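Data block below; observations after.
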Amino acid sequence: MNIYVIMKRTFDTEEKIVIENGQISDEGVEFIINPYDEYAIEEAIRLRDDNGGEVTVVSIGDEEVEKELRTALAMGADKAVLINNEDIEDSDQFTTASLLAAYFEDKEYDLILGGNVSNDNSTGQVGPRLAEQLDIPYVTTITKFELDGEKVTIERDVEGDVEVIETSLPLLVTAQQGLNDPRYPSLPGIMKAKKKPLEEIDYDDLDIDEDEIEAKTETVEIFLPPKKEAGKILEGELDEQVQELVKLLRQEAKVI
Amino acid sequence: MNFDLTDEQRMIQKMMREFSDEVVAPGAEQRDKEKKFPVEIFKKLGELGIMGLPFPEEYGGGGADTTSFAIVVEELSRGCGSTGITYSAHVSLGGAPINLFGTKEQKEKYLTPICTGESLGAFGLTEPGAGSDAGGTETEAKEENGEWVINGSKCYITNASYANHLALTAITGRENGKKEISAIIAPTDAKGFKVIDNYEKMGLHASNTTELVMEDVRVPQENLLGKKGHGFRQFLVTLDGGRIGIGAMAVGIAQAAYEKALSYAKERKQFGQSISNFQAIQFKLADMAMKIELARNMVYKAAWVKDQGRSFTKEASMAKLYASEICMEVCNQAVQIHGGNGYMRDYHVERYFRDAKLLEIGEGTSEVQRMIIAREIGC
Ligand SMILES: Cc1cc2nc3c(=O)[nH]c(=O)nc-3n(C[C@H](O)[C@H](O)[C@H](O)COP(=O)(O)OP(=O)(O)OC[C@H]3O[C@@H](n4cnc5c(N)ncnc54)[C@H](O)[C@@H]3O)c2cc1C
């Protein structure tokens, strides 16, 4: 089985976001594998262990991404590919999906896994866009994946409910929390990670023009959410509290 | 000069940080209270290949360096001091002498189960009459029909209840009234070998500290570890490595205490503001952060010097001495910053404080470290 995982390097969930000159500052920030992509990597490794084949983890970014790719290799992936996009000025989900589509053009794949969303931009677009461009079926927010020959049975999370879907390979899926419990990389895994192949591709090695992948969106402004004020506890009889609450929602919060 | 960790060290650190936060720290308070040895954690560490971390791959080890060992000890100790000392003793007192002085057969037989985690490692040196003066050993091993017959006792031996075998020091002869001390590997289930787990300790309650009693314990002659009469020299070398472990443990406990104190200081309000607004508290926290940073640097340096294959006696002693003393200071101030709450179990810092004290005693007291450093600088 040829299994691919698309993976993003993101901010550690514990990090405090700081905006400097209108941009999010990554000074001194800890980076991690996007947590949803970790589920995808874990699932890919399990599928390979059960069905044979190979797991290749693909990521787009600068050279620093090598660290997260090595971690994926330490977890048990077989190969890693880094598509360097340092020279691309404007990039959005369309750009990312298009670069990936160009990469996958001449590849043979049975299954592509990704995260449901990234914990930074949270658009959830890259997986579906890539599947569209490759013209293969896709299922998002999956919490269970079962393979029986060519037949695939998937459970997906639909806002708290479960939807069961039957489909077949080749296929793209995106992982939701609950799919599995990602392993810690083992020490032998870590020691071996360096010896596993990590291929670096410059984006212009791909058969693609820069204006074909130009971002479709423009970021106009980046700002932090307003600081959370201390909560208010209403007092008095229940009726009075309700009256007061409605008044506050109308006049102060202006939400009704 | 490069202060960055290597890729492997960085990955080990990240993995162990997560492991410590998710698996080790959550039950630490409970285990300390119930004096419950962290069996499950060590099973998991075995599965992750961490138990044999610095030992050669041919014996099931991980082939990692001493800095990685220090990183693992620090991270485990940050979550739970008892887990930290168990691991540190397992590797640096249990595994290391067999790796350093054992024959190929001995390594296959005794180092491999240590690497897989099937057996914990332990080392029996201290006796009721032989602590800082380890030459005061009275345990004797006599040669009889191709066997060693061991008689004597050891005290305060870490991990022995969970060790299938351990190296211990014994007198194997006397020349002109001078004792000849050797190290011998003994299986803990040998006839006449008693492991007594009965101490009431100040801290590290979830670690295993035992008394060993040997009455006519017979082991084959081939169980001699290293050269006959070299036991004293060998354990000096072993302890040098162990001190890096104790230093790393001190850094881990100090880090935990500092993190707790910092977040508490920000939350706790008195006189209408966070106590972290008071300069008196800020200075304590600044000192803690500085001391921990310095101690960690010295531990890493000692580990690095060792990995270069150079003599690291002085560096290991300095790392152990400095880290253990600042750990006590940091834990003391962490309790202070917590006020009355700090005196209570629920806030963890009192446990760190109790656990920290051992670090100024085990594997050579602070006084002994100063003696070693003084000798190394040519006094
Ligand atoms: C929890 C725990 C775990 C342990 N684990 C192990 C283990 O796994 N294996 C093992 O072999 N041992 C172990 N030990 C023993 C430990 O290494 C000894 O307790 C330590 O070396 C000190 O020896 P001692 O207790 O006999 O103290 P002593 O040597 O009696 O020292 C008493 C005091 O006198 C001071 N002193 C002694 N000599 C001098 C001198 N020449 N100059 C100045 N001051 C001096 C000491 O610094 C100390 O302050 C452990 C101990 C504890 C508490």
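Naming works like this for the structure tokens: A, B, ... for the chains as they're shown, residue 1 at the start of each chain, ligands 1 onward in shown order.
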
Next on the checklist: ligand 1: which residues are within 7 Å, counting only C-alpha atoms and all ligand atoms? Reply as a list of chain:residue names.
Outcome noted: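 Those residues are B:Ala89, B:Ala122, B:Phe123, B:Gly124, B:Leu125, B:Thr126, B:Pro128, B:Gly129, B:Ala130, B:Gly131, B:Ser132, B:Asp133, B:Cys155, B:Tyr156, B:Ile157, B:Thr158, B:Asn159, B:Thr209, B:Leu358, B:Ile361, B:Gly362, B:Glu363, B:Gly364, B:Thr365, B:Ser366, B:Glu367, B:Val368.
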
Take the selection from the previous step and output its residues with N, CA, C and O atoms, as a compact mmCIF listing (two decimals), in the first residue's frame.
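Saved to part-v9.txt:
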```txt
# COMPACT_ATOMS: atom_id res chain seq x y z
N ALA B 89 19.56 5.44 38.68
CA ALA B 89 20.31 4.35 39.31
C ALA B 89 20.32 3.12 38.40
O ALA B 89 21.34 2.43 38.29
N ALA B 122 20.86 -2.27 39.65
CA ALA B 122 21.15 -1.80 41.01
C ALA B 122 22.63 -2.03 41.28
O ALA B 122 23.30 -2.78 40.56
N PHE B 123 23.11 -1.39 42.32
CA PHE B 123 24.54 -1.43 42.64
C PHE B 123 24.70 -1.40 44.14
O PHE B 123 24.21 -0.49 44.81
N GLY B 124 25.38 -2.39 44.71
CA GLY B 124 25.50 -2.47 46.16
C GLY B 124 26.88 -2.12 46.65
O GLY B 124 27.82 -2.91 46.57
N LEU B 125 27.00 -0.89 47.17
CA LEU B 125 28.30 -0.41 47.63
C LEU B 125 28.24 -0.07 49.12
O LEU B 125 29.03 -0.55 49.93
N THR B 126 27.25 0.76 49.46
CA THR B 126 27.18 1.30 50.82
C THR B 126 26.86 0.20 51.85
O THR B 126 26.06 -0.69 51.60
N PRO B 128 26.55 -0.41 56.40
CA PRO B 128 26.37 0.36 57.65
C PRO B 128 27.67 1.04 58.09
O PRO B 128 27.64 2.16 58.57
N GLY B 129 28.81 0.40 57.88
CA GLY B 129 30.07 1.01 58.31
C GLY B 129 30.87 1.61 57.17
O GLY B 129 32.01 2.01 57.35
N ALA B 130 30.31 1.62 55.97
CA ALA B 130 31.06 2.11 54.81
C ALA B 130 30.18 2.98 53.93
O ALA B 130 29.43 2.50 53.10
N GLY B 131 30.22 4.31 54.18
CA GLY B 131 29.45 5.25 53.38
C GLY B 131 30.39 6.08 52.54
O GLY B 131 30.90 5.62 51.52
N SER B 132 30.68 7.30 53.03
CA SER B 132 31.64 8.15 52.32
C SER B 132 32.98 7.43 52.20
O SER B 132 33.67 7.53 51.19
N ASP B 133 33.31 6.69 53.21
CA ASP B 133 34.54 5.91 53.20
C ASP B 133 34.20 4.50 52.71
O ASP B 133 34.09 3.56 53.48
N CYS B 155 23.49 -1.43 52.78
CA CYS B 155 22.32 -0.63 53.14
C CYS B 155 22.03 0.44 52.09
O CYS B 155 22.92 0.83 51.34
N TYR B 156 20.78 0.88 52.08
CA TYR B 156 20.31 1.96 51.20
C TYR B 156 20.54 1.67 49.71
O TYR B 156 20.98 2.53 48.97
N ILE B 157 20.27 0.46 49.29
CA ILE B 157 20.52 0.09 47.91
C ILE B 157 19.25 0.29 47.07
O ILE B 157 18.22 -0.32 47.31
N THR B 158 19.36 1.18 46.09
CA THR B 158 18.24 1.54 45.23
C THR B 158 17.92 0.40 44.26
O THR B 158 18.84 -0.21 43.71
N ASN B 159 16.64 0.14 44.08
CA ASN B 159 16.12 -0.77 43.03
C ASN B 159 16.27 -2.27 43.28
O ASN B 159 15.83 -3.06 42.44
N THR B 209 14.22 1.55 48.07
CA THR B 209 15.51 1.61 48.77
C THR B 209 15.56 0.41 49.72
O THR B 209 14.64 0.22 50.51
N LEU B 358 17.90 14.27 49.19
CA LEU B 358 18.72 13.08 48.91
C LEU B 358 19.90 13.41 47.99
O LEU B 358 20.97 12.82 48.07
N ILE B 361 23.18 13.98 49.29
CA ILE B 361 23.73 12.87 50.08
C ILE B 361 24.18 11.69 49.20
O ILE B 361 25.30 11.19 49.34
N GLY B 362 23.28 11.26 48.30
CA GLY B 362 23.55 10.04 47.52
C GLY B 362 24.69 10.21 46.54
O GLY B 362 24.99 11.32 46.10
N GLU B 363 25.34 9.12 46.21
CA GLU B 363 26.47 9.09 45.27
C GLU B 363 27.55 10.11 45.63
O GLU B 363 28.10 10.78 44.78
N GLY B 364 27.80 10.18 46.90
CA GLY B 364 28.82 11.11 47.41
C GLY B 364 28.17 12.36 47.94
O GLY B 364 27.51 13.08 47.20
N THR B 365 28.35 12.64 49.23
CA THR B 365 27.74 13.82 49.84
C THR B 365 28.38 15.09 49.26
O THR B 365 29.41 15.03 48.59
N SER B 366 27.78 16.22 49.59
CA SER B 366 28.35 17.50 49.12
C SER B 366 29.78 17.67 49.62
O SER B 366 30.64 18.19 48.91
N GLU B 367 30.02 17.19 50.84
CA GLU B 367 31.38 17.30 51.40
C GLU B 367 32.35 16.46 50.56
O GLU B 367 33.46 16.89 50.23
N VAL B 368 31.90 15.26 50.22
CA VAL B 368 32.76 14.38 49.41
C VAL B 368 33.01 15.02 48.03
O VAL B 368 34.13 14.96 47.51
```

Quick one: which chain A residues come within 12 Å of chain B, and what is the nearest atom pair for each with the distance in Å to one decimal, counting only C-alpha atoms, rows ordered by chain and ascending number, as CSV?
```
residue,atom,partner,partner_atom,distance
A:Asp12,CA,B:Lys14,CA,11.7
A:Glu30,CA,B:Lys14,CA,10.4
A:Phe31,CA,B:Lys14,CA,10.6
A:Ile32,CA,B:Lys14,CA,9.5
A:Ile33,CA,B:Lys14,CA,11.6
A:Glu64,CA,B:Asp7,CA,11.5
A:Glu66,CA,B:Asp7,CA,9.8
A:Lys67,CA,B:Asp7,CA,7.4
A:Glu68,CA,B:Met11,CA,9.2
A:Leu69,CA,B:Met11,CA,11.1
A:Arg70,CA,B:Asp7,CA,8.3
A:Thr71,CA,B:Met11,CA,6.8
A:Ala72,CA,B:Met11,CA,10.4
A:Leu73,CA,B:Met11,CA,11.0
A:Ala74,CA,B:Met11,CA,8.5
A:Met75,CA,B:Met15,CA,10.3
A:Pro182,CA,B:Glu18,CA,11.7
A:Arg183,CA,B:Leu48,CA,9.6
A:Tyr184,CA,B:Met15,CA,6.2
A:Pro185,CA,B:Met15,CA,6.7
A:Ser186,CA,B:Leu48,CA,4.4
A:Leu187,CA,B:Gly49,CA,5.2
A:Pro188,CA,B:Gly62,CA,6.0
A:Gly189,CA,B:Leu48,CA,8.9
A:Ile190,CA,B:Glu8,CA,6.2
A:Met191,CA,B:Glu8,CA,6.4
A:Lys192,CA,B:Glu8,CA,9.3
A:Ala193,CA,B:Glu8,CA,8.4
A:Lys194,CA,B:Glu8,CA,8.2
A:Lys195,CA,B:Glu8,CA,11.5
```

How about saving the chosen residues, N, CA, C and O atoms kept, as a compact mmCIF listing (two decimals), in the first residue's frame?
```txt
# COMPACT_ATOMS: atom_id res chain seq x y z
N ASP A 12 3.16 25.34 18.80
CA ASP A 12 2.73 24.54 19.92
C ASP A 12 1.45 25.15 20.48
O ASP A 12 1.35 26.37 20.60
N GLU A 30 7.87 27.50 20.26
CA GLU A 30 8.05 26.06 20.07
C GLU A 30 7.15 25.60 18.93
O GLU A 30 5.96 25.97 18.89
N PHE A 31 7.70 24.80 18.06
CA PHE A 31 6.89 24.27 16.97
C PHE A 31 6.62 22.78 17.16
O PHE A 31 7.39 22.08 17.80
N ILE A 32 5.52 22.35 16.61
CA ILE A 32 5.14 20.94 16.72
C ILE A 32 4.56 20.47 15.39
O ILE A 32 4.29 21.27 14.50
N ILE A 33 4.34 19.17 15.29
CA ILE A 33 3.54 18.64 14.19
C ILE A 33 2.10 19.04 14.52
O ILE A 33 1.65 18.86 15.66
N GLU A 64 13.30 24.47 8.32
CA GLU A 64 13.02 24.12 9.71
C GLU A 64 12.07 22.94 9.83
O GLU A 64 12.05 22.22 10.83
N GLU A 66 12.18 20.28 8.54
CA GLU A 66 12.90 19.02 8.61
C GLU A 66 12.78 18.40 10.01
O GLU A 66 12.71 17.18 10.16
N LYS A 67 12.75 19.26 11.04
CA LYS A 67 12.66 18.75 12.42
C LYS A 67 11.39 17.93 12.62
O LYS A 67 11.42 16.84 13.18
N GLU A 68 10.27 18.47 12.16
CA GLU A 68 9.00 17.76 12.36
C GLU A 68 8.94 16.53 11.46
O GLU A 68 8.37 15.51 11.84
N LEU A 69 9.55 16.64 10.28
CA LEU A 69 9.58 15.46 9.40
C LEU A 69 10.40 14.34 10.04
O LEU A 69 10.02 13.17 9.99
N ARG A 70 11.51 14.72 10.68
CA ARG A 70 12.32 13.70 11.37
C ARG A 70 11.52 13.05 12.50
O ARG A 70 11.65 11.87 12.78
N THR A 71 10.71 13.85 13.18
CA THR A 71 9.88 13.29 14.24
C THR A 71 8.90 12.28 13.66
O THR A 71 8.69 11.20 14.23
N ALA A 72 8.32 12.59 12.50
CA ALA A 72 7.40 11.65 11.85
C ALA A 72 8.15 10.37 11.47
O ALA A 72 7.62 9.26 11.64
N LEU A 73 9.38 10.52 11.02
CA LEU A 73 10.19 9.34 10.69
C LEU A 73 10.49 8.55 11.96
O LEU A 73 10.50 7.32 11.95
N ALA A 74 10.74 9.26 13.06
CA ALA A 74 11.01 8.59 14.33
C ALA A 74 9.79 7.83 14.82
O ALA A 74 9.90 6.78 15.44
N MET A 75 8.60 8.35 14.53
CA MET A 75 7.37 7.65 14.92
C MET A 75 7.23 6.36 14.12
O MET A 75 6.61 5.40 14.59
N PRO A 182 -1.91 8.89 19.22
CA PRO A 182 -0.59 8.83 18.59
C PRO A 182 0.49 8.33 19.54
O PRO A 182 0.49 8.68 20.71
N ARG A 183 1.39 7.53 19.02
CA ARG A 183 2.45 6.95 19.84
C ARG A 183 3.53 7.99 20.13
O ARG A 183 3.67 8.98 19.42
N TYR A 184 4.32 7.71 21.19
CA TYR A 184 5.56 8.46 21.37
C TYR A 184 6.58 7.83 20.44
O TYR A 184 6.62 6.61 20.32
N PRO A 185 7.44 8.63 19.81
CA PRO A 185 8.51 8.00 19.03
C PRO A 185 9.37 7.18 19.99
O PRO A 185 9.66 7.63 21.10
N SER A 186 9.75 5.98 19.62
CA SER A 186 10.60 5.17 20.50
C SER A 186 12.05 5.61 20.32
O SER A 186 12.39 6.27 19.34
N LEU A 187 12.88 5.23 21.29
CA LEU A 187 14.30 5.59 21.17
C LEU A 187 14.93 5.00 19.90
O LEU A 187 15.60 5.72 19.15
N PRO A 188 14.73 3.70 19.62
CA PRO A 188 15.30 3.18 18.35
C PRO A 188 14.74 3.95 17.15
O PRO A 188 15.47 4.21 16.19
N GLY A 189 13.48 4.33 17.21
CA GLY A 189 12.88 5.12 16.13
C GLY A 189 13.62 6.44 15.96
O GLY A 189 13.95 6.85 14.84
N ILE A 190 13.90 7.10 17.07
CA ILE A 190 14.60 8.38 17.03
C ILE A 190 16.02 8.20 16.47
O ILE A 190 16.48 8.97 15.64
N MET A 191 16.69 7.15 16.93
CA MET A 191 18.08 6.94 16.49
C MET A 191 18.14 6.57 15.00
O MET A 191 19.14 6.82 14.34
N LYS A 192 17.08 5.95 14.51
CA LYS A 192 17.07 5.54 13.10
C LYS A 192 16.59 6.65 12.17
O LYS A 192 16.82 6.59 10.96
N ALA A 193 15.90 7.63 12.74
CA ALA A 193 15.23 8.64 11.90
C ALA A 193 16.19 9.34 10.96
O ALA A 193 15.85 9.66 9.83
N LYS A 194 17.41 9.57 11.44
CA LYS A 194 18.37 10.31 10.63
C LYS A 194 18.80 9.54 9.38
O LYS A 194 19.18 10.11 8.38
N LYS A 195 18.72 8.21 9.48
CA LYS A 195 19.18 7.38 8.36
C LYS A 195 18.09 7.18 7.32
O LYS A 195 18.33 6.64 6.25
```

Set the distance at 12 Å and use only C-alpha atoms: which residues neighbour Glu235 (chain A) once local chain neighbours fewer than 6 positions away are removed? I'd like the list as a short mmCIF file (atom, residue, chain, number, x, y, z; two decimals) with C-alpha atoms, in the first residue's frame.
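Output (around_24.cif):
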```
data_model
loop_
_atom_site.label_atom_id
_atom_site.label_comp_id
_atom_site.auth_asym_id
_atom_site.auth_seq_id
_atom_site.Cartn_x
_atom_site.Cartn_y
_atom_site.Cartn_z
CA GLN A 241 -31.57 38.59 36.75
CA VAL A 242 -33.21 37.65 33.44
CA GLN A 243 -34.28 41.25 32.85
CA GLU A 244 -30.82 42.48 33.63
CA LEU A 245 -29.22 39.85 31.37
#
```

Next on the checklist: Please determine, counting only C-alpha atoms, which residue among B:Asn164, B:Asn2, B:Gln282, B:Thr169 has the shortest atom-to-atom distance to Asp189 (chain B).
Outcome noted: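 That would be B:Asn164, the residue with the smallest distance to Asp189 (chain B).
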
Item to check | strand (DSSP E or B) residues, from DSSP on the backbone, in region 3-162 of chain B, as a PyMOL selection string | outcome: chain B and resi 123-124+127+130+140-144+147-158

Would you export the selected residues with C-alpha atoms as a short mmCIF file (atom, residue, chain, number, x, y, z; two decimals), in the first residue's frame, please?
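The resulting selection-v8.cif:
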```
data_model
loop_
_atom_site.label_atom_id
_atom_site.label_comp_id
_atom_site.auth_asym_id
_atom_site.auth_seq_id
_atom_site.Cartn_x
_atom_site.Cartn_y
_atom_site.Cartn_z
CA PHE B 123 24.54 -1.43 42.64
CA GLY B 124 25.50 -2.47 46.16
CA GLU B 127 27.27 -0.62 54.10
CA ALA B 130 31.06 2.11 54.81
CA GLU B 140 33.54 -10.64 52.24
CA ALA B 141 33.66 -13.01 49.31
CA LYS B 142 35.79 -16.13 49.76
CA GLU B 143 36.79 -18.46 46.95
CA GLU B 144 35.67 -22.01 47.56
CA GLU B 147 32.65 -20.32 43.70
CA TRP B 148 32.45 -17.06 45.60
CA VAL B 149 30.87 -17.41 49.00
CA ILE B 150 29.55 -14.00 50.02
CA ASN B 151 28.75 -12.88 53.56
CA GLY B 152 27.82 -9.41 54.73
CA SER B 153 25.24 -6.71 54.34
CA LYS B 154 24.56 -3.56 52.33
CA CYS B 155 22.32 -0.63 53.14
CA TYR B 156 20.31 1.96 51.20
CA ILE B 157 20.52 0.09 47.91
CA THR B 158 18.24 1.54 45.23
#
```

Item to check | Sel. of alpha helix (DSSP H) residues, region 266-332 of chain B, as an NGL selection string | outcome: :B and (266-267 or 279-307 or 313-332)

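With distances restricted to only C-alpha atoms, B:Asn297 is the closest residue to Val251 (chain B) from B:Asn176, B:Ser20, B:Asn297, B:Thr83.
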
Checklist entry - Can you tell me how far CA of Leu172 (chain A) sits from CA of Thr141 (chain A), in Å to one decimal? => result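 Between these atoms lies a distance of 11.2 Å.
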
Next on the checklist: If I take CA of Leu76 (chain B) and CA of Asp21 (chain B), how far is one from the other in Å, to one decimal?
Outcome noted: 8.9 Å

Next on the checklist: Env of Leu198 (chain A): 7 Å cut, atoms = only C-alpha atoms, seq-sep filter 5 positions within chain, self excluded. Answer as JSON, numbers by chain.
Outcome noted: {"A": [79, 80, 81]}

Could the residues in this selection be saved with N, CA, C and O atoms as an mmCIF file, in the first residue's frame?
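Everything below was put into result-v6.cif:
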```
data_model
loop_
_atom_site.group_PDB
_atom_site.id
_atom_site.type_symbol
_atom_site.label_atom_id
_atom_site.label_comp_id
_atom_site.auth_asym_id
_atom_site.auth_seq_id
_atom_site.Cartn_x
_atom_site.Cartn_y
_atom_site.Cartn_z
ATOM 1 N N LYS A 79 9.521 7.434 4.742
ATOM 2 C CA LYS A 79 10.192 8.455 3.947
ATOM 3 C C LYS A 79 9.573 9.805 4.240
ATOM 4 O O LYS A 79 8.412 9.891 4.646
ATOM 5 N N ALA A 80 10.341 10.841 3.968
ATOM 6 C CA ALA A 80 9.799 12.184 4.138
ATOM 7 C C ALA A 80 10.161 13.035 2.931
ATOM 8 O O ALA A 80 11.205 12.831 2.311
ATOM 9 N N VAL A 81 9.291 13.950 2.614
ATOM 10 C CA VAL A 81 9.527 14.865 1.499
ATOM 11 C C VAL A 81 9.236 16.279 1.984
ATOM 12 O O VAL A 81 8.192 16.532 2.587
#
```

Checklist entry - Do you have the CA of Gly160 (chain A)-CA of Asn116 (chain A) distance handy? => result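 Separating CA of Gly160 (chain A) from CA of Asn116 (chain A) is a distance of 14.6 Å.
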